[in-house]
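One file, model-v3.cif, carrying mmCIF, C-alpha atoms:
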data_structure
loop_
_atom_site.label_atom_id
_atom_site.label_comp_id
_atom_site.auth_asym_id
_atom_site.auth_seq_id
_atom_site.Cartn_x
_atom_site.Cartn_y
_atom_site.Cartn_z
CA MET W 4 -11.46 -100.45 82.48
CA THR W 5 -11.33 -97.58 84.92
CA ASP W 6 -8.73 -96.35 87.36
CA ALA W 7 -9.16 -95.98 91.12
CA SER W 8 -10.93 -92.65 90.70
CA GLY W 9 -13.52 -94.13 88.35
CA ALA W 10 -12.22 -92.22 85.33
CA ARG W 11 -11.57 -93.98 82.06
CA PRO W 12 -7.91 -94.31 81.02
CA ALA W 13 -6.39 -91.29 79.30
CA ARG W 14 -5.33 -93.48 76.36
CA ARG W 15 -8.97 -93.57 75.28
CA LEU W 16 -9.28 -89.80 75.01
CA TRP W 17 -8.45 -89.93 71.31
CA VAL W 18 -11.83 -91.59 70.68
CA PHE W 19 -13.97 -88.61 71.63
CA ALA W 20 -12.99 -86.06 68.97
CA PRO W 21 -13.57 -88.48 66.06
CA VAL W 22 -16.89 -89.51 67.63
CA GLY W 23 -18.03 -85.87 67.72
CA ALA W 24 -16.96 -85.36 64.11
CA ALA W 25 -18.63 -88.59 62.99
CA ALA W 26 -21.89 -87.61 64.71
CA ALA W 27 -21.87 -84.29 62.86
CA LEU W 28 -21.31 -86.03 59.53
CA VAL W 29 -24.04 -88.62 60.14
CA ALA W 30 -26.47 -85.84 61.00
CA LEU W 31 -25.91 -84.28 57.56
CA LEU W 32 -27.30 -87.42 55.90
CA PRO W 33 -30.75 -86.01 54.97
CA TRP W 34 -29.10 -83.29 52.90
CA LEU W 35 -26.29 -85.41 51.48
CA LEU W 36 -28.91 -87.91 50.22
CA THR W 37 -30.16 -85.19 47.87
CA GLY W 38 -26.69 -84.82 46.31
CA GLY W 39 -25.96 -81.62 48.22
CA ARG W 40 -26.57 -79.29 45.29
CA MET W 41 -27.42 -75.78 46.45
CA PRO W 42 -31.16 -75.00 46.50
CA VAL W 43 -32.40 -72.50 43.92
CA GLN W 44 -31.92 -69.12 45.58
CA ASN W 45 -34.59 -66.42 45.69
CA LEU W 46 -32.15 -63.76 44.46
CA TRP W 47 -30.89 -65.64 41.39
CA SER W 48 -31.87 -64.03 38.10
CA GLU W 49 -31.18 -67.39 36.44
CA ILE W 50 -30.05 -70.84 37.57
CA PRO W 51 -26.28 -71.31 37.13
CA ALA W 52 -25.18 -73.94 34.63
CA ASP W 53 -23.16 -75.67 37.35
CA VAL W 54 -24.96 -75.49 40.69
CA PRO W 55 -22.33 -75.83 43.45
CA PHE W 56 -22.22 -78.41 46.21
CA VAL W 57 -22.87 -77.24 49.78
CA LEU W 58 -22.72 -79.15 53.06
CA LEU W 59 -25.77 -77.32 54.44
CA PRO W 60 -28.77 -76.03 52.50
CA PHE W 61 -28.72 -72.26 52.90
CA HIS W 62 -32.25 -71.28 51.94
CA PRO W 63 -35.37 -70.06 53.77
CA TYR W 64 -37.27 -73.21 52.73
CA THR W 65 -34.62 -75.44 54.31
CA ALA W 66 -33.74 -73.35 57.36
CA ILE W 67 -35.58 -75.71 59.74
CA LEU W 68 -33.95 -78.76 58.15
CA ALA W 69 -30.48 -77.22 58.52
CA ALA W 70 -31.14 -76.44 62.19
CA ALA W 71 -32.51 -79.94 62.79
CA MET W 72 -29.41 -81.58 61.30
CA LEU W 73 -27.14 -79.52 63.55
CA LEU W 74 -29.20 -80.32 66.65
CA VAL W 75 -29.36 -84.03 65.83
CA GLY W 76 -25.59 -84.00 65.46
CA GLY W 77 -25.23 -82.55 68.93
CA ALA W 78 -27.64 -85.09 70.43
CA VAL W 79 -25.99 -88.08 68.72
CA ALA W 80 -22.54 -86.93 69.80
CA GLY W 81 -23.80 -86.45 73.36
CA ILE W 82 -25.37 -89.91 73.52
CA ALA W 83 -22.24 -91.55 72.13
CA GLY W 84 -20.02 -89.57 74.50
CA ARG W 85 -22.09 -90.52 77.54
CA ALA W 86 -22.04 -94.18 76.49
CA LEU W 87 -18.24 -94.00 76.21
CA GLY W 88 -17.89 -92.55 79.71
CA ALA W 89 -17.54 -88.82 79.04
CA PRO W 90 -18.88 -87.84 82.51
CA ARG W 91 -16.03 -89.80 84.09
CA THR W 92 -13.27 -88.75 81.71
CA ARG W 93 -11.48 -85.42 81.97
CA TRP W 94 -11.48 -83.39 78.75
CA ALA W 95 -13.76 -85.90 77.01
CA THR W 96 -16.69 -83.52 76.58
CA LEU W 97 -14.39 -80.78 75.31
CA LEU W 98 -12.92 -83.15 72.72
CA LEU W 99 -16.40 -84.29 71.69
CA LEU W 100 -17.43 -80.68 71.30
CA GLY W 101 -14.28 -79.89 69.32
CA GLY W 102 -14.94 -82.72 66.87
CA LEU W 103 -18.58 -81.70 66.44
CA LEU W 104 -17.86 -77.99 65.99
CA LEU W 105 -14.99 -78.65 63.60
CA VAL W 106 -17.31 -80.40 61.15
CA GLN W 107 -20.40 -78.29 61.76
CA GLY W 108 -18.43 -75.03 61.74
CA ALA W 109 -16.75 -76.02 58.47
CA ALA W 110 -20.16 -76.90 57.02
CA VAL W 111 -21.63 -73.53 57.98
CA LEU W 112 -18.62 -71.60 56.65
CA GLN W 113 -18.41 -73.54 53.38
CA SER W 114 -22.13 -73.23 52.75
CA ALA W 115 -22.31 -69.53 53.59
CA LEU W 116 -19.32 -68.57 51.44
CA THR W 117 -20.41 -70.75 48.52
CA THR W 118 -23.97 -69.46 48.62
CA ARG W 119 -22.85 -65.83 48.85
CA ALA W 120 -20.58 -66.26 45.83
CA THR W 121 -23.61 -67.17 43.70
CA LEU W 122 -25.67 -64.15 44.74
CA PRO W 123 -25.61 -60.71 43.11
CA ASP W 124 -23.45 -57.98 44.60
CA ARG W 125 -26.30 -56.11 46.26
CA ARG W 126 -27.26 -54.99 49.74
CA ASP W 127 -30.32 -57.26 49.87
CA ALA W 128 -28.07 -60.23 49.09
CA ASP W 129 -25.82 -59.26 52.01
CA LEU W 130 -28.80 -59.08 54.33
CA TYR W 131 -30.14 -62.37 52.98
CA ILE W 132 -26.97 -64.36 53.56
CA THR W 133 -26.34 -62.64 56.91
CA ALA W 134 -29.79 -63.62 58.20
CA LEU W 135 -29.35 -67.23 57.09
CA THR W 136 -25.84 -67.42 58.56
CA VAL W 137 -26.83 -65.93 61.92
CA GLY W 138 -29.77 -68.32 62.20
CA THR W 139 -27.58 -71.30 61.37
CA VAL W 140 -24.87 -70.25 63.84
CA LEU W 141 -27.50 -69.96 66.57
CA ALA W 142 -28.60 -73.51 65.77
CA LEU W 143 -24.97 -74.62 65.93
CA LEU W 144 -24.58 -73.08 69.39
CA ALA W 145 -27.80 -74.80 70.48
CA ALA W 146 -26.37 -78.10 69.19
CA ALA W 147 -23.28 -77.54 71.32
CA GLY W 148 -25.50 -76.97 74.35
CA VAL W 149 -27.44 -80.17 73.64
CA LEU W 150 -24.16 -82.11 73.41
CA VAL W 151 -22.91 -80.81 76.76
CA LEU W 152 -26.22 -81.55 78.50
CA VAL W 153 -26.52 -85.06 77.11
CA ALA W 154 -22.87 -86.04 77.46
CA ARG W 155 -21.93 -84.42 80.75
CA ALA W 156 -24.88 -83.23 82.82
CA PRO W 157 -26.64 -85.28 85.50
CA ARG W 158 -29.59 -87.26 84.19
CA ALA W 159 -32.03 -84.42 84.78
CA GLY W 160 -30.05 -82.11 82.51
CA ALA W 161 -29.53 -84.89 79.98
CA VAL W 162 -33.29 -85.38 79.69
CA VAL W 163 -33.74 -81.74 78.67
CA GLY W 164 -31.03 -82.05 76.02
CA LEU W 165 -32.47 -85.33 74.76
CA SER W 166 -35.95 -83.84 74.45
CA VAL W 167 -34.61 -81.01 72.26
CA GLY W 168 -32.79 -83.57 70.15
CA ALA W 169 -35.98 -85.64 69.94
CA VAL W 170 -37.94 -82.74 68.44
CA ALA W 171 -35.19 -82.16 65.87
CA ALA W 172 -35.09 -85.90 65.12
CA GLY W 173 -38.64 -85.77 63.78
CA THR W 174 -37.71 -83.21 61.14
CA TRP W 175 -34.46 -85.08 60.42
CA LEU W 176 -36.20 -88.40 59.87
CA ALA W 177 -38.89 -86.85 57.68
CA ALA W 178 -36.15 -85.48 55.43
CA VAL W 179 -34.58 -88.94 55.21
CA ILE W 180 -37.91 -90.51 54.19
CA VAL W 181 -38.72 -87.72 51.73
CA PRO W 182 -35.46 -85.98 50.71
CA PHE W 183 -35.70 -82.26 49.93
CA GLY W 184 -36.67 -81.65 46.32
CA SER W 185 -37.93 -85.19 45.68
CA VAL W 186 -41.32 -85.69 44.06
CA SER W 187 -43.61 -88.60 44.92
CA GLN W 188 -47.12 -89.42 43.76
CA GLU W 189 -47.94 -91.12 47.06
CA VAL W 190 -47.17 -90.33 50.67
CA PRO W 191 -44.55 -92.82 51.95
CA ALA W 192 -46.02 -95.23 54.49
CA LEU W 193 -43.49 -94.24 57.14
CA LEU W 194 -44.03 -90.49 56.89
CA PRO W 195 -47.20 -90.29 59.06
CA LEU W 196 -45.30 -92.05 61.84
CA VAL W 197 -42.76 -89.23 62.06
CA GLN W 198 -45.08 -87.17 64.26
CA TRP W 199 -44.62 -89.77 67.02
CA VAL W 200 -40.82 -89.73 66.96
CA ALA W 201 -40.34 -86.75 69.29
CA PRO W 202 -42.88 -87.76 71.97
CA VAL W 203 -41.73 -91.39 72.06
CA LEU W 204 -38.03 -90.49 72.27
CA ALA W 205 -38.66 -87.83 74.93
CA GLY W 206 -40.85 -90.22 76.91
CA ALA W 207 -38.12 -92.86 76.73
CA ALA W 208 -35.60 -90.29 78.01
CA ILE W 209 -37.86 -89.51 80.98
CA ALA W 210 -38.14 -93.22 81.76
CA TRP W 211 -34.36 -93.64 81.50
CA ALA W 212 -33.72 -90.85 83.99
CA GLY W 213 -36.55 -91.69 86.36
CA ILE W 214 -38.40 -89.23 88.58
CA ARG W 215 -36.94 -90.03 91.99
CA SER W 216 -35.73 -86.49 92.70
CA VAL W 217 -37.13 -82.99 92.38
CA GLY W 218 -34.63 -82.18 89.64
CA ARG W 219 -35.68 -85.18 87.57
CA VAL W 220 -39.36 -84.37 88.01
CA VAL W 221 -38.71 -80.82 86.80
CA ALA W 222 -36.70 -82.21 83.89
CA ALA W 223 -39.54 -84.57 82.98
CA LEU W 224 -42.04 -81.71 82.97
CA THR W 225 -39.64 -79.63 80.90
CA ALA W 226 -39.29 -82.46 78.38
CA VAL W 227 -43.07 -82.69 78.03
CA LEU W 228 -43.23 -78.93 77.45
CA VAL W 229 -40.46 -79.17 74.84
CA VAL W 230 -42.40 -81.88 72.99
CA TRP W 231 -45.50 -79.69 73.08
CA ILE W 232 -43.97 -76.30 72.29
CA GLY W 233 -40.96 -77.29 70.16
CA PRO W 234 -42.84 -78.54 67.07
CA ALA W 235 -45.12 -75.49 67.23
CA VAL W 236 -42.07 -73.21 67.23
CA LEU W 237 -40.62 -75.04 64.23
CA THR W 238 -43.94 -74.82 62.40
CA GLY W 239 -44.30 -71.10 63.05
CA VAL W 240 -40.71 -70.24 62.15
CA GLY W 241 -40.80 -72.51 59.10
CA TYR W 242 -43.95 -70.82 57.84
CA ALA W 243 -42.53 -67.33 58.31
CA VAL W 244 -39.05 -67.79 56.85
CA GLY W 245 -40.36 -70.06 54.10
CA SER W 246 -42.57 -67.34 52.66
CA ARG W 247 -40.74 -65.33 50.03
CA VAL W 248 -43.23 -62.45 50.32
CA MET W 249 -42.67 -62.10 54.07
CA TRP W 250 -38.93 -61.52 53.65
CA ASN W 251 -39.83 -58.02 52.47
CA ASP W 252 -42.13 -57.50 55.45
CA PRO W 253 -40.36 -58.25 58.77
CA ALA W 254 -43.37 -57.20 60.86
CA GLY W 255 -45.63 -59.44 58.81
CA MET W 256 -43.13 -62.27 59.17
CA ILE W 257 -43.25 -62.01 62.96
CA ASP W 258 -47.05 -61.76 63.02
CA GLY W 259 -47.35 -64.76 60.71
CA ALA W 260 -44.96 -66.82 62.82
CA ILE W 261 -46.88 -66.00 66.02
CA HIS W 262 -50.24 -66.80 64.40
CA VAL W 263 -49.13 -70.16 63.00
CA PHE W 264 -47.34 -70.98 66.26
CA GLY W 265 -50.59 -70.46 68.16
CA LEU W 266 -52.52 -72.69 65.77
CA ALA W 267 -49.93 -75.45 65.97
CA LEU W 268 -49.77 -75.18 69.75
CA LEU W 269 -53.50 -75.44 70.39
CA THR W 270 -54.82 -77.60 67.54
CA PRO W 271 -55.49 -81.03 69.13
CA GLU W 272 -54.38 -83.06 66.11
CA LEU W 273 -51.05 -81.24 66.06
CA ALA W 274 -50.36 -80.90 69.77
CA TRP W 275 -52.40 -82.95 72.21
CA ARG W 276 -51.95 -86.41 70.71
CA PRO W 277 -48.13 -86.19 70.66
CA LEU W 278 -48.28 -84.73 74.15
CA ALA W 279 -50.32 -87.69 75.36
CA ALA W 280 -47.95 -90.08 73.56
CA CYS W 281 -45.01 -88.62 75.47
CA VAL W 282 -46.74 -89.04 78.83
CA VAL W 283 -47.90 -92.58 78.03
CA THR W 284 -44.44 -93.62 76.81
CA ALA W 285 -42.84 -92.19 79.94
CA ALA W 286 -45.41 -93.92 82.18
CA ILE W 287 -44.84 -97.30 80.48
CA GLY W 288 -41.08 -96.90 80.70
CA LEU W 289 -41.21 -95.88 84.35
CA GLY W 290 -43.44 -98.86 85.09
CA ILE W 291 -40.99 -101.24 83.43
CA ARG W 292 -38.14 -99.57 85.28
CA ALA W 293 -39.93 -100.06 88.61
CA VAL W 294 -40.62 -103.74 87.91
CA VAL W 295 -37.00 -104.40 86.91
CA HIS W 296 -35.73 -102.57 89.98
CA ARG W 297 -38.09 -104.52 92.27
CA ARG W 298 -37.01 -107.86 90.81
CA SER W 299 -33.38 -106.84 91.10
CA ARG W 300 -33.84 -106.02 94.79
CA ARG W 301 -35.61 -109.33 95.39
CA GLY W 302 -32.79 -111.16 93.65
CA SER W 303 -30.21 -109.36 95.77
CA SER W 304 -32.12 -110.13 98.97
CA GLY W 305 -32.42 -113.80 98.02
CA GLU W 306 -28.71 -114.00 97.33
CA GLU W 307 -27.91 -112.49 100.72
CA LEU W 308 -30.21 -115.00 102.45
CA ARG W 309 -28.49 -117.90 100.69
CA ARG W 310 -25.12 -116.59 101.74
CA ASP W 311 -26.26 -116.26 105.36
CA ALA W 312 -27.59 -119.82 105.29
#

Go ahead and render the structure in this file as structure tokens.
Amino acid sequence: MTDASGARPARRLWVFAPVGAAAALVALLPWLLTGGRMPVQNLWSEIPADVPFVLLPFHPYTAILAAAMLLVGGAVAGIAGRALGAPRTRWATLLLLGGLLLVQGAAVLQSALTTRATLPDRRDADLYITALTVGTVLALLAAAGVLVLVARAPRAGAVVGLSVGAVAAGTWLAAVIVPFGSVSQEVPALLPLVQWVAPVLAGAAIAWAGIRSVGRVVAALTAVLVVWIGPAVLTGVGYAVGSRVMWNDPAGMIDGAIHVFGLALLTPELAWRPLAACVVTAAIGLGIRAVVHRRSRRGSSGEELRRDA
């Protein structure tokens, strides 16, 4: 039910904060499936007898996974909030954001403090944990931005947020299919399909929003660019931060990231096929949307004629 202004009743406000918190928890699933035991750290002289539990994997090898889980949390919370009427409910987006940040902020803090406690008391350990924490906090802020766009913005803005979430969803789903640290003799049948997750979801978002205004056309083009550039960025950053040698060579780390980014961006098998999949999915969705709209208009016209008769 809604009131005369179109806003949902204030008594339903309590729903939004738990929804934001639940979305953040669900997004941590790929890591929690592993048992949540801290990854073996580069600076350990020996593996502790009792490896502690952490809510986020603080490690260069899992930096992209940690960022993806935070971004997926923001996207899921935004979708749920929009479905519950956040754009029409005062304070709803703020409560959603509060629930999300409460869980994600606690996860970042717990993981950073726990990881730092296992490292030696040295300057390089301080720099190591600082770099990982700053990167994770930036991902958390990006997740908050995705939530606001998806939950509150007009459809054009929501499409941009959804496309970012779609790129993160590919990494998230891959980690569900093959949890970090697991060993398999064969590639799971579902894993090759992960590359299509981002373009299909982004294309579906474009179709949902439509392209009937300049803003939505710009948003659609932005979503296609995100699908093209986003995975290349993740590949380049993942390569750079995942190399233990490069942590001692910041310039080499940047050069390596740029080089791998370029390869991922321009290699047809890695870039052009997903790009085409996004465009095709959007075109099919827009076509279906047009047919449904046309039939709806015909039905409305027929009903008016019957009433006039």

- Might you pull out every residue within 7 Å of stretch 264-267 of chain W, with only C-alpha atoms counted and same-chain residues fewer than 2 positions away left off, and present them as a list in words? Ala235, Val236, Thr238, Gly239, Ala260, Ile261, His262, Leu269, Thr270, Leu273 and Ala274 of chain W

- Message: I'd like the residues picked by the PyMOL selection byres ((chain W and resi 106-109) around 9) written out as a list of chain:residue names, using the chain letters and numbers from the file.
- Response: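 With the shown file as input, the PyMOL selection byres ((chain W and resi 106-109) around 9) matches W:Gly23, W:Ala24, W:Ala25, W:Ala27, W:Leu28, W:Leu58, W:Leu73, W:Gly76, W:Gly101, W:Gly102, W:Leu103, W:Leu104, W:Leu105, W:Ala110, W:Val111, W:Leu112, W:Gln113, W:Ser114, W:Val140, W:Leu143.
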
- Item | Explicit residue set for the PyMOL selection byres ((chain W and resi 285-293) around 12), as number ranges by chain | W: 162, 202-215, 220, 223-224, 226-227, 278-284, 294-300

- Item | Selection: 6 Å around stretch 156-161 of chain W, all atoms listed in the file, excl. self and same-chain fewer than 6 positions, as a PyMOL selection string | chain W and resi 212+218-219+222

- Local residues around (-21.0, -75.2, 48.5), at most 9 Å away, using all atoms listed in the file, as a ChimeraX atom specification: /W:39-41,54-60,110,113-118

- Message: I need the residue nearest W:Trp17 from this list: W:Met72, W:Leu150, W:Leu87, W:Leu141. Use all atoms listed in the file for the distance.
- Response: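 Checking each candidate against W:Trp17, we get W:Leu87 as the closest.
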
- Please indicate the distance in Å from atom CA of W:Gly173 to atom CA of W:Ala254, rounded to one decimal place.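 Computing it gives 29.1 Å between the two atoms.
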
- Message: Calculated over only C-alpha atoms, which of the candidates W:Pro253, W:Pro234, W:Pro21, W:Gly259 has the smallest distance to W:Ala80?
- Response: W:Pro21

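Here atom CA of W:Ile257 is placed at a distance of 11.5 Å from atom CA of W:Gly241.
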
- Item | Shell around W:Pro33 at 10 Å using only C-alpha atoms, local window under 2 positions removed, as a count of residues only | 21

- Task: Would you please work out which residue, of W:Arg91, W:His62, W:Arg155, W:Arg85, is nearest to W:Arg119 when using only C-alpha atoms?
- Result: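 Of all the options, W:His62 lies closest to W:Arg119.
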
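Note that atom CA of W:Val153 and atom CA of W:Ala169 are 11.9 Å apart.
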